[in-house]
Amino acid sequence: AVPLAADVPDIDARFVEVPSKTTPGGWKGMAEGPFIVAPAAIANAVSDAVGQRIEELPLTPARVKDLL
């Protein structure tokens, strides 16, 4: 069976603030991860679908057409 949202246990999220020692003001980046990996994941999915290696982003409709 495919797991459903109801199958996920409750998550108790807590934030622990630890200032950075290497940046002014102790600031750290936040939420960059999804923006970095999403284009790569999409490119890998398209690469798998068309059977060609993706070596350049962004994936425009013209680039995908050329890959086909």
# chains A, B, ... in the order shown; residues from 1 in each chain; ligands from 1
call {"tool": "residues_around", "arguments": {"residues": "segment 2-17 of chain A", "least_positions_apart": "3", "cutoff": "12 Å", "atoms": "only C-alpha atoms", "output": "list of chain:residue names"}}
result
A:Ser20, A:Gly26, A:Trp27, A:Lys28
call {"tool": "residues_around", "arguments": {"residues": "Glu55 of chain A", "least_positions_apart": "5", "cutoff": "12 Å", "atoms": "only C-alpha atoms", "output": "PyMOL selection string"}}
result
chain A and resi 39-40+43-44+46-47+63-64+67
call {"tool": "write_last_selection", "arguments": {"atoms": "N, CA, C and O atoms", "output": "CSV table (one decimal), in the first residue's frame"}}
result
chain,number,residue,atom,x,y,z
A,39,PRO,N,15.5,22.6,-9.4
A,39,PRO,CA,15.9,22.6,-10.9
A,39,PRO,C,16.6,21.3,-11.3
A,39,PRO,O,16.4,20.7,-12.3
A,40,ALA,N,17.5,20.9,-10.4
A,40,ALA,CA,18.3,19.6,-10.7
A,40,ALA,C,17.3,18.4,-10.7
A,40,ALA,O,17.5,17.5,-11.6
A,43,ALA,N,15.4,18.6,-13.9
A,43,ALA,CA,16.3,18.3,-15.1
A,43,ALA,C,16.6,16.8,-15.1
A,43,ALA,O,16.6,16.2,-16.2
A,44,ASN,N,16.7,16.1,-14.0
A,44,ASN,CA,17.0,14.7,-13.9
A,44,ASN,C,15.7,13.9,-14.4
A,44,ASN,O,15.8,12.9,-15.1
A,46,VAL,N,13.4,15.0,-16.5
A,46,VAL,CA,13.3,15.2,-18.0
A,46,VAL,C,14.4,14.4,-18.7
A,46,VAL,O,14.1,13.7,-19.7
A,47,SER,N,15.6,14.4,-18.1
A,47,SER,CA,16.7,13.6,-18.7
A,47,SER,C,16.3,12.1,-18.7
A,47,SER,O,16.5,11.4,-19.8
A,63,ARG,N,14.6,23.8,-25.7
A,63,ARG,CA,15.7,22.9,-25.3
A,63,ARG,C,15.2,21.5,-25.2
A,63,ARG,O,15.8,20.5,-25.6
A,64,VAL,N,14.0,21.3,-24.6
A,64,VAL,CA,13.4,20.0,-24.4
A,64,VAL,C,13.1,19.4,-25.8
A,64,VAL,O,13.4,18.2,-26.1
A,67,LEU,N,16.2,18.1,-27.4
A,67,LEU,CA,16.6,16.8,-26.7
A,67,LEU,C,15.9,15.6,-27.3
A,67,LEU,O,16.4,14.5,-27.3
call {"tool": "residues_around", "arguments": {"residues": "Ile42 of chain A", "least_positions_apart": "4", "cutoff": "12 Å", "atoms": "only C-alpha atoms", "output": "ChimeraX atom specification"}}
result
/A:34-38,46-49,54,57-60,64
call {"tool": "select_by_dssp", "arguments": {"residues": "chain A", "states": "helix (DSSP H, G or I)", "output": "PyMOL selection string"}}
result
chain A and resi 5-7+24-26+32-50+61-67
call {"tool": "atom_distance", "arguments": {"atom1": "atom CA of Val18 of chain A", "atom2": "atom CA of Met30 of chain A"}}
result
13.0 Å
call {"tool": "atom_distance", "arguments": {"atom1": "atom CA of Ala62 of chain A", "atom2": "atom CA of Ala45 of chain A"}}
result
16.8 Å
